[in-house]
Amino acid sequence: MSDPAGYGNLIVYSDGAYRRYDDARVGLLTHGLQYGTGCFEGIRGYWNEDEKDVLLFRLHEHYERLTNSARMMLMDIGHSVDELVEISAELCARNEFRGDTYLRAIVFKNLETIGVKLRGIPDTTAIIAVPHKKYYEAGNGLRVGVSSWRRVDDTAAPLRAKVTGLYANAALAKSEAEMNGYDEAIMLSHDGHISECSANNLFLVRNGVIYTPDPSQNILEGITRRTVMDLARQELGLTIIERSLDRSEAYTADELFFTGTAVGVDFANSVDGRPIGDGTMGPITRKLMALYDDVVHGRLPQYRSWVTPTYARPSRLAATAAR
Ligand code: PMP
């Protein structure tokens, strides 16, 4: 049962080469597995039917964040951002994906050794691309509960780094939420303000104004968060206020929505059993969701620089023409 999803024959990138997934396995005592010493990114590719291409969303921003994560965790990716962008698109092309895609990029301490430390252990950078499956089955909005697990504080570990080990915190919160009958958890920071959900950022709307926790609230500064903030300001002319938010502000919001690479934009229909608005998708969420969908599919020319094509990229076209 080690490969229930059937990943074995995928082509992945690992330690400087394209390999079969099954040929790129790691040993049981690997440092990154034992101690959670890895940094990662989740990235989406969206199938554009007209262009017959997989468009990879904001690759540069993801790899800049991975580079910063690695710096904070004393790791060496061994590639520039531009190289990682090129490898990612090439990987999708080699797998001949013709549909929505999810990429997982990871750099981790790769030595079978016992001892908690960061220095003196070699790093492996790997990128795995798989066909995308939907994150939530919902569609009618999510039932959200405030978690009893507080979000890890930046005084405990660098929260701007997407560190694999830190996701034990997120997994506890998400599992608690599910065991209590919710779909997703809101995590509070140590001082009791709203931080974010298990793997997405949170926004609320009150009287036509959008509020979201500012970066000092122990949030991961999401790329979807930034994207949606740009779209709300530039395309809808809305005001966004970044500040600390109280739990009771979530209870009385007109709309509450989340952003994240995996989920895109989705909304909460209730928080701790209290309906948000009338429990259906609000008008601002609806507009942002539609805009986001257009942007990720490359349909808005002004945001076209945010997507990288898999098949119609210059290096691939040149290689094809030279054959
Ligand atoms: N917060 C956490 C803890 C996350 O893991 C993610 C997913 N990367 C996000 C927020 C959303 O970030 P992004 O929009 O960059 O995916």
# chains A, B, ... in the order shown; residues from 1 in each chain; ligands from 1
>>> closest_atom_pairs(of="chain A", to="ligand 1", cutoff="8 Å", atoms="only C-alpha atoms and all ligand atoms", output="JSON lines")
{"residue": "A:Glu41", "atom": "CA", "partner": "ligand 1", "partner_atom_place_in_ligand_line": "8 (N)", "distance": 6.5}
{"residue": "A:Gly42", "atom": "CA", "partner": "ligand 1", "partner_atom_place_in_ligand_line": "8 (N)", "distance": 6.0}
{"residue": "A:Ile43", "atom": "CA", "partner": "ligand 1", "partner_atom_place_in_ligand_line": "16 (O)", "distance": 7.4}
{"residue": "A:His62", "atom": "CA", "partner": "ligand 1", "partner_atom_place_in_ligand_line": "15 (O)", "distance": 7.2}
{"residue": "A:Lys162", "atom": "CA", "partner": "ligand 1", "partner_atom_place_in_ligand_line": "5 (O)", "distance": 6.8}
{"residue": "A:Tyr167", "atom": "CA", "partner": "ligand 1", "partner_atom_place_in_ligand_line": "3 (C)", "distance": 7.5}
{"residue": "A:Ala170", "atom": "CA", "partner": "ligand 1", "partner_atom_place_in_ligand_line": "3 (C)", "distance": 7.0}
{"residue": "A:Glu196", "atom": "CA", "partner": "ligand 1", "partner_atom_place_in_ligand_line": "1 (N)", "distance": 6.4}
{"residue": "A:Cys197", "atom": "CA", "partner": "ligand 1", "partner_atom_place_in_ligand_line": "1 (N)", "distance": 6.6}
{"residue": "A:Ser198", "atom": "CA", "partner": "ligand 1", "partner_atom_place_in_ligand_line": "3 (C)", "distance": 5.6}
{"residue": "A:Ala199", "atom": "CA", "partner": "ligand 1", "partner_atom_place_in_ligand_line": "4 (C)", "distance": 3.6}
{"residue": "A:Asn200", "atom": "CA", "partner": "ligand 1", "partner_atom_place_in_ligand_line": "10 (C)", "distance": 3.6}
{"residue": "A:Asn201", "atom": "CA", "partner": "ligand 1", "partner_atom_place_in_ligand_line": "10 (C)", "distance": 4.7}
{"residue": "A:Ile219", "atom": "CA", "partner": "ligand 1", "partner_atom_place_in_ligand_line": "1 (N)", "distance": 6.2}
{"residue": "A:Leu220", "atom": "CA", "partner": "ligand 1", "partner_atom_place_in_ligand_line": "1 (N)", "distance": 4.6}
{"residue": "A:Glu221", "atom": "CA", "partner": "ligand 1", "partner_atom_place_in_ligand_line": "12 (O)", "distance": 6.4}
{"residue": "A:Gly222", "atom": "CA", "partner": "ligand 1", "partner_atom_place_in_ligand_line": "12 (O)", "distance": 3.4}
{"residue": "A:Ile223", "atom": "CA", "partner": "ligand 1", "partner_atom_place_in_ligand_line": "15 (O)", "distance": 3.7}
{"residue": "A:Thr224", "atom": "CA", "partner": "ligand 1", "partner_atom_place_in_ligand_line": "14 (O)", "distance": 3.6}
{"residue": "A:Arg225", "atom": "CA", "partner": "ligand 1", "partner_atom_place_in_ligand_line": "14 (O)", "distance": 5.4}
{"residue": "A:Arg226", "atom": "CA", "partner": "ligand 1", "partner_atom_place_in_ligand_line": "14 (O)", "distance": 7.7}
{"residue": "A:Thr259", "atom": "CA", "partner": "ligand 1", "partner_atom_place_in_ligand_line": "14 (O)", "distance": 5.8}
{"residue": "A:Gly260", "atom": "CA", "partner": "ligand 1", "partner_atom_place_in_ligand_line": "14 (O)", "distance": 3.6}
{"residue": "A:Thr261", "atom": "CA", "partner": "ligand 1", "partner_atom_place_in_ligand_line": "16 (O)", "distance": 3.6}
{"residue": "A:Ala262", "atom": "CA", "partner": "ligand 1", "partner_atom_place_in_ligand_line": "16 (O)", "distance": 6.5}
{"residue": "A:Gly264", "atom": "CA", "partner": "ligand 1", "partner_atom_place_in_ligand_line": "14 (O)", "distance": 7.7}
>>> write_last_selection(atoms="N, CA and C atoms", output="mmCIF file, in the first residue's frame")
data_model
loop_
_atom_site.group_PDB
_atom_site.id
_atom_site.type_symbol
_atom_site.label_atom_id
_atom_site.label_comp_id
_atom_site.auth_asym_id
_atom_site.auth_seq_id
_atom_site.Cartn_x
_atom_site.Cartn_y
_atom_site.Cartn_z
ATOM 1 N N GLU A 41 6.775 23.814 -1.371
ATOM 2 C CA GLU A 41 5.799 24.671 -2.032
ATOM 3 C C GLU A 41 4.748 23.786 -2.695
ATOM 4 N N GLY A 42 3.517 24.235 -2.673
ATOM 5 C CA GLY A 42 2.462 23.615 -3.477
ATOM 6 C C GLY A 42 2.115 24.588 -4.586
ATOM 7 N N ILE A 43 2.072 24.090 -5.802
ATOM 8 C CA ILE A 43 1.896 24.964 -6.974
ATOM 9 C C ILE A 43 0.825 24.339 -7.870
ATOM 10 N N HIS A 62 6.394 31.451 -6.142
ATOM 11 C CA HIS A 62 6.544 30.240 -5.326
ATOM 12 C C HIS A 62 8.016 29.925 -5.093
ATOM 13 N N LYS A 162 7.955 27.794 4.718
ATOM 14 C CA LYS A 162 7.000 26.676 4.665
ATOM 15 C C LYS A 162 7.769 25.413 5.040
ATOM 16 N N TYR A 167 3.889 21.556 9.752
ATOM 17 C CA TYR A 167 2.557 21.150 9.323
ATOM 18 C C TYR A 167 1.914 20.132 10.264
ATOM 19 N N ALA A 170 -0.706 22.268 11.711
ATOM 20 C CA ALA A 170 -1.866 22.410 10.820
ATOM 21 C C ALA A 170 -2.692 21.124 10.792
ATOM 22 N N GLU A 196 -4.947 32.180 10.712
ATOM 23 C CA GLU A 196 -5.309 31.663 9.390
ATOM 24 C C GLU A 196 -5.904 30.280 9.552
ATOM 25 N N CYS A 197 -6.159 29.593 8.444
ATOM 26 C CA CYS A 197 -6.691 28.233 8.503
ATOM 27 C C CYS A 197 -5.535 27.250 8.379
ATOM 28 N N SER A 198 -5.839 25.960 8.278
ATOM 29 C CA SER A 198 -4.756 24.972 8.321
ATOM 30 C C SER A 198 -3.787 25.158 7.159
ATOM 31 N N ALA A 199 -4.287 25.517 5.996
ATOM 32 C CA ALA A 199 -3.384 25.719 4.857
ATOM 33 C C ALA A 199 -3.914 26.794 3.921
ATOM 34 N N ASN A 200 -4.639 27.754 4.464
ATOM 35 C CA ASN A 200 -5.036 28.898 3.638
ATOM 36 C C ASN A 200 -5.251 30.150 4.480
ATOM 37 N N ASN A 201 -5.203 31.272 3.823
ATOM 38 C CA ASN A 201 -5.380 32.566 4.496
ATOM 39 C C ASN A 201 -6.861 32.926 4.541
ATOM 40 N N ILE A 219 0.864 34.585 10.123
ATOM 41 C CA ILE A 219 0.316 33.962 8.913
ATOM 42 C C ILE A 219 1.457 33.573 7.972
ATOM 43 N N LEU A 220 1.168 32.619 7.107
ATOM 44 C CA LEU A 220 2.044 32.442 5.955
ATOM 45 C C LEU A 220 1.574 33.471 4.933
ATOM 46 N N GLU A 221 2.515 34.227 4.399
ATOM 47 C CA GLU A 221 2.109 35.259 3.446
ATOM 48 C C GLU A 221 1.804 34.605 2.099
ATOM 49 N N GLY A 222 0.542 34.246 1.936
ATOM 50 C CA GLY A 222 0.121 33.434 0.799
ATOM 51 C C GLY A 222 0.224 34.171 -0.527
ATOM 52 N N ILE A 223 0.537 33.400 -1.545
ATOM 53 C CA ILE A 223 0.619 33.958 -2.897
ATOM 54 C C ILE A 223 -0.796 34.194 -3.437
ATOM 55 N N THR A 224 -1.711 33.321 -3.089
ATOM 56 C CA THR A 224 -3.119 33.548 -3.473
ATOM 57 C C THR A 224 -3.668 34.756 -2.728
ATOM 58 N N ARG A 225 -3.265 34.911 -1.482
ATOM 59 C CA ARG A 225 -3.680 36.081 -0.675
ATOM 60 C C ARG A 225 -3.294 37.357 -1.406
ATOM 61 N N ARG A 226 -2.021 37.435 -1.797
ATOM 62 C CA ARG A 226 -1.548 38.638 -2.482
ATOM 63 C C ARG A 226 -2.278 38.828 -3.816
ATOM 64 N N THR A 259 -8.220 31.852 0.957
ATOM 65 C CA THR A 259 -7.417 31.778 -0.261
ATOM 66 C C THR A 259 -6.242 30.839 -0.025
ATOM 67 N N GLY A 260 -5.902 30.095 -1.034
ATOM 68 C CA GLY A 260 -4.741 29.213 -0.956
ATOM 69 C C GLY A 260 -4.554 28.529 -2.297
ATOM 70 N N THR A 261 -3.348 28.092 -2.538
ATOM 71 C CA THR A 261 -3.058 27.472 -3.830
ATOM 72 C C THR A 261 -3.988 26.299 -4.100
ATOM 73 N N ALA A 262 -4.131 25.418 -3.107
ATOM 74 C CA ALA A 262 -4.928 24.213 -3.337
ATOM 75 C C ALA A 262 -6.413 24.542 -3.478
ATOM 76 N N GLY A 264 -7.835 27.630 -3.958
ATOM 77 C CA GLY A 264 -8.177 28.810 -4.768
ATOM 78 C C GLY A 264 -8.868 29.813 -3.868
#
>>> select_by_dssp(residues="region 25-230 of chain A", states="strand (DSSP E or B)", output="ChimeraX atom specification")
/A:30,38-48,53-57,101-109,112,123-131,142-146,163,184-188,194-197,201-206,209-212
>>> closest_residue(among="A:Ile87, A:Pro158, A:Asp23, A:Asp3", to="Met73 (chain A)", atoms="only C-alpha atoms")
A:Pro158
>>> closest_residue(among="A:Ile127, A:Pro122, A:Pro213, A:Met187", to="Trp149 (chain A)", atoms="only C-alpha atoms")
A:Met187
>>> closest_atom_pairs(of="region 1-33 of chain A", to="region 89-94 of chain A", cutoff="9 Å", atoms="only C-alpha atoms", output="CSV")
residue,atom,partner,partner_atom,distance
A:Ile11,CA,A:Leu91,CA,7.1
A:Val12,CA,A:Leu91,CA,6.8
A:Tyr13,CA,A:Leu91,CA,7.1
A:Tyr18,CA,A:Leu91,CA,7.8
>>> write_last_selection(atoms="N, CA, C and O atoms", output="PDB file, in the first residue's frame")
ATOM      1  N   ILE A  11       7.225  10.871 -13.873  1.00  0.00           N
ATOM      2  CA  ILE A  11       8.589  11.394 -13.950  1.00  0.00           C
ATOM      3  C   ILE A  11       8.681  12.528 -12.939  1.00  0.00           C
ATOM      4  O   ILE A  11       7.816  13.407 -12.890  1.00  0.00           O
ATOM      5  N   VAL A  12       9.701  12.460 -12.102  1.00  0.00           N
ATOM      6  CA  VAL A  12       9.924  13.522 -11.114  1.00  0.00           C
ATOM      7  C   VAL A  12      11.318  14.095 -11.326  1.00  0.00           C
ATOM      8  O   VAL A  12      12.136  13.505 -12.036  1.00  0.00           O
ATOM      9  N   TYR A  13      11.557  15.227 -10.701  1.00  0.00           N
ATOM     10  CA  TYR A  13      12.905  15.804 -10.737  1.00  0.00           C
ATOM     11  C   TYR A  13      13.485  15.651  -9.345  1.00  0.00           C
ATOM     12  O   TYR A  13      12.867  16.037  -8.357  1.00  0.00           O
ATOM     13  N   TYR A  18      15.951  14.071 -14.039  1.00  0.00           N
ATOM     14  CA  TYR A  18      14.576  13.579 -14.176  1.00  0.00           C
ATOM     15  C   TYR A  18      14.621  12.067 -14.010  1.00  0.00           C
ATOM     16  O   TYR A  18      15.419  11.392 -14.651  1.00  0.00           O
TER      17      TYR A  18
END
>>> closest_residue(among="A:Val296, A:Leu84, A:Ile114, A:Ile194", to="Ala126 (chain A)", atoms="only C-alpha atoms")
A:Leu84
>>> residues_around(residues="Glu49 (chain A)", least_positions_apart="6", cutoff="12 Å", atoms="only C-alpha atoms", output="PyMOL selection string")
chain A and resi 55+98-100+297-299
>>> write_last_selection(atoms="all heavy atoms", output="PDB file, in the first residue's frame")
ATOM      1  N   LEU A  55      -1.168  25.847 -17.711  1.00  0.00           N
ATOM      2  CA  LEU A  55      -0.585  27.134 -17.309  1.00  0.00           C
ATOM      3  C   LEU A  55      -0.231  27.069 -15.825  1.00  0.00           C
ATOM      4  O   LEU A  55      -1.103  26.861 -14.972  1.00  0.00           O
ATOM      5  CB  LEU A  55      -1.586  28.265 -17.572  1.00  0.00           C
ATOM      6  CG  LEU A  55      -2.088  28.377 -19.021  1.00  0.00           C
ATOM      7  CD1 LEU A  55      -3.080  29.536 -19.153  1.00  0.00           C
ATOM      8  CD2 LEU A  55      -0.936  28.551 -20.004  1.00  0.00           C
ATOM      9  N   ARG A  98      -2.251  16.702 -19.580  1.00  0.00           N
ATOM     10  CA  ARG A  98      -3.233  17.485 -20.341  1.00  0.00           C
ATOM     11  C   ARG A  98      -4.450  17.645 -19.447  1.00  0.00           C
ATOM     12  O   ARG A  98      -5.507  17.086 -19.688  1.00  0.00           O
ATOM     13  CB  ARG A  98      -3.611  16.788 -21.647  1.00  0.00           C
ATOM     14  CG  ARG A  98      -2.400  16.315 -22.423  1.00  0.00           C
ATOM     15  CD  ARG A  98      -2.415  16.733 -23.903  1.00  0.00           C
ATOM     16  NE  ARG A  98      -1.104  16.402 -24.451  1.00  0.00           N
ATOM     17  CZ  ARG A  98      -0.245  17.286 -24.918  1.00  0.00           C
ATOM     18  NH1 ARG A  98      -0.558  18.562 -24.956  1.00  0.00           N
ATOM     19  NH2 ARG A  98       0.919  16.915 -25.375  1.00  0.00           N
ATOM     20  N   GLY A  99      -4.276  18.394 -18.394  1.00  0.00           N
ATOM     21  CA  GLY A  99      -5.353  18.612 -17.428  1.00  0.00           C
ATOM     22  C   GLY A  99      -4.789  19.387 -16.258  1.00  0.00           C
ATOM     23  O   GLY A  99      -3.595  19.727 -16.237  1.00  0.00           O
ATOM     24  N   ASP A 100      -5.640  19.667 -15.267  1.00  0.00           N
ATOM     25  CA  ASP A 100      -5.177  20.400 -14.083  1.00  0.00           C
ATOM     26  C   ASP A 100      -4.085  19.599 -13.370  1.00  0.00           C
ATOM     27  O   ASP A 100      -4.143  18.370 -13.304  1.00  0.00           O
ATOM     28  CB  ASP A 100      -6.343  20.656 -13.130  1.00  0.00           C
ATOM     29  CG  ASP A 100      -7.323  21.663 -13.714  1.00  0.00           C
ATOM     30  OD1 ASP A 100      -6.954  22.378 -14.663  1.00  0.00           O
ATOM     31  OD2 ASP A 100      -8.459  21.717 -13.215  1.00  0.00           O
ATOM     32  N   HIS A 297      -6.433  30.852 -15.413  1.00  0.00           N
ATOM     33  CA  HIS A 297      -6.554  30.223 -16.739  1.00  0.00           C
ATOM     34  C   HIS A 297      -5.977  31.098 -17.851  1.00  0.00           C
ATOM     35  O   HIS A 297      -6.137  30.791 -19.034  1.00  0.00           O
ATOM     36  CB  HIS A 297      -8.015  29.866 -17.038  1.00  0.00           C
ATOM     37  CG  HIS A 297      -8.498  28.696 -16.236  1.00  0.00           C
ATOM     38  ND1 HIS A 297      -9.155  28.832 -15.036  1.00  0.00           N
ATOM     39  CD2 HIS A 297      -8.357  27.363 -16.439  1.00  0.00           C
ATOM     40  CE1 HIS A 297      -9.426  27.626 -14.551  1.00  0.00           C
ATOM     41  NE2 HIS A 297      -8.948  26.724 -15.372  1.00  0.00           N
ATOM     42  N   GLY A 298      -5.331  32.203 -17.458  1.00  0.00           N
ATOM     43  CA  GLY A 298      -4.642  33.050 -18.431  1.00  0.00           C
ATOM     44  C   GLY A 298      -5.578  33.849 -19.318  1.00  0.00           C
ATOM     45  O   GLY A 298      -5.197  34.283 -20.410  1.00  0.00           O
ATOM     46  N   ARG A 299      -6.818  34.065 -18.854  1.00  0.00           N
ATOM     47  CA  ARG A 299      -7.799  34.738 -19.714  1.00  0.00           C
ATOM     48  C   ARG A 299      -7.744  36.257 -19.636  1.00  0.00           C
ATOM     49  O   ARG A 299      -8.376  36.931 -20.432  1.00  0.00           O
ATOM     50  CB  ARG A 299      -9.214  34.242 -19.359  1.00  0.00           C
ATOM     51  CG  ARG A 299      -9.439  32.772 -19.717  1.00  0.00           C
ATOM     52  CD  ARG A 299     -10.903  32.376 -19.631  1.00  0.00           C
ATOM     53  NE  ARG A 299     -11.347  32.199 -18.266  1.00  0.00           N
ATOM     54  CZ  ARG A 299     -11.557  31.014 -17.689  1.00  0.00           C
ATOM     55  NH1 ARG A 299     -11.378  29.896 -18.361  1.00  0.00           N
ATOM     56  NH2 ARG A 299     -11.965  30.931 -16.446  1.00  0.00           N
TER      57      ARG A 299
END
>>> closest_atom_pairs(of="region 103-167 of chain A", to="region 268-286 of chain A", cutoff="7 Å", atoms="only C-alpha atoms", output="CSV")
residue,atom,partner,partner_atom,distance
A:Gly141,CA,A:Ala268,CA,5.0
A:Leu142,CA,A:Ala268,CA,4.5
A:Arg143,CA,A:Ser270,CA,5.1
A:Val144,CA,A:Val271,CA,4.8
A:Gly145,CA,A:Asp272,CA,4.7
A:Val146,CA,A:Asp272,CA,6.5
>>> write_last_selection(atoms="N, CA, C and O atoms", output="mmCIF file, in the first residue's frame")
data_model
loop_
_atom_site.group_PDB
_atom_site.id
_atom_site.type_symbol
_atom_site.label_atom_id
_atom_site.label_comp_id
_atom_site.auth_asym_id
_atom_site.auth_seq_id
_atom_site.Cartn_x
_atom_site.Cartn_y
_atom_site.Cartn_z
ATOM 1 N N GLY A 141 -19.809 25.863 0.319
ATOM 2 C CA GLY A 141 -19.142 26.581 1.397
ATOM 3 C C GLY A 141 -18.703 25.607 2.481
ATOM 4 O O GLY A 141 -19.137 24.452 2.523
ATOM 5 N N LEU A 142 -17.841 26.096 3.344
ATOM 6 C CA LEU A 142 -17.257 25.227 4.366
ATOM 7 C C LEU A 142 -17.793 25.576 5.751
ATOM 8 O O LEU A 142 -18.018 26.744 6.059
ATOM 9 N N ARG A 143 -17.980 24.529 6.542
ATOM 10 C CA ARG A 143 -18.285 24.750 7.961
ATOM 11 C C ARG A 143 -16.946 24.852 8.671
ATOM 12 O O ARG A 143 -16.136 23.921 8.595
ATOM 13 N N VAL A 144 -16.759 25.957 9.349
ATOM 14 C CA VAL A 144 -15.455 26.225 9.937
ATOM 15 C C VAL A 144 -15.579 26.310 11.454
ATOM 16 O O VAL A 144 -16.573 26.828 11.963
ATOM 17 N N GLY A 145 -14.580 25.778 12.140
ATOM 18 C CA GLY A 145 -14.573 25.879 13.592
ATOM 19 C C GLY A 145 -13.254 26.457 14.067
ATOM 20 O O GLY A 145 -12.203 26.200 13.472
ATOM 21 N N VAL A 146 -13.307 27.237 15.134
ATOM 22 C CA VAL A 146 -12.064 27.776 15.709
ATOM 23 C C VAL A 146 -11.372 26.644 16.463
ATOM 24 O O VAL A 146 -11.989 25.951 17.273
#
>>> select_by_dssp(residues="region 118-300 of chain A", states="alpha helix (DSSP H)", output="PyMOL selection string")
chain A and resi 167-179+223-234+247-251+283-296
>>> closest_residue(among="A:Gln34, A:Gln217, A:Thr310, A:Thr124", to="Arg160 (chain A)", atoms="only C-alpha atoms")
A:Gln217
>>> residues_around(residues="Val209 (chain A)", least_positions_apart="6", cutoff="10 Å", atoms="only C-alpha atoms", output="PyMOL selection string")
chain A and resi 238-241+254+284
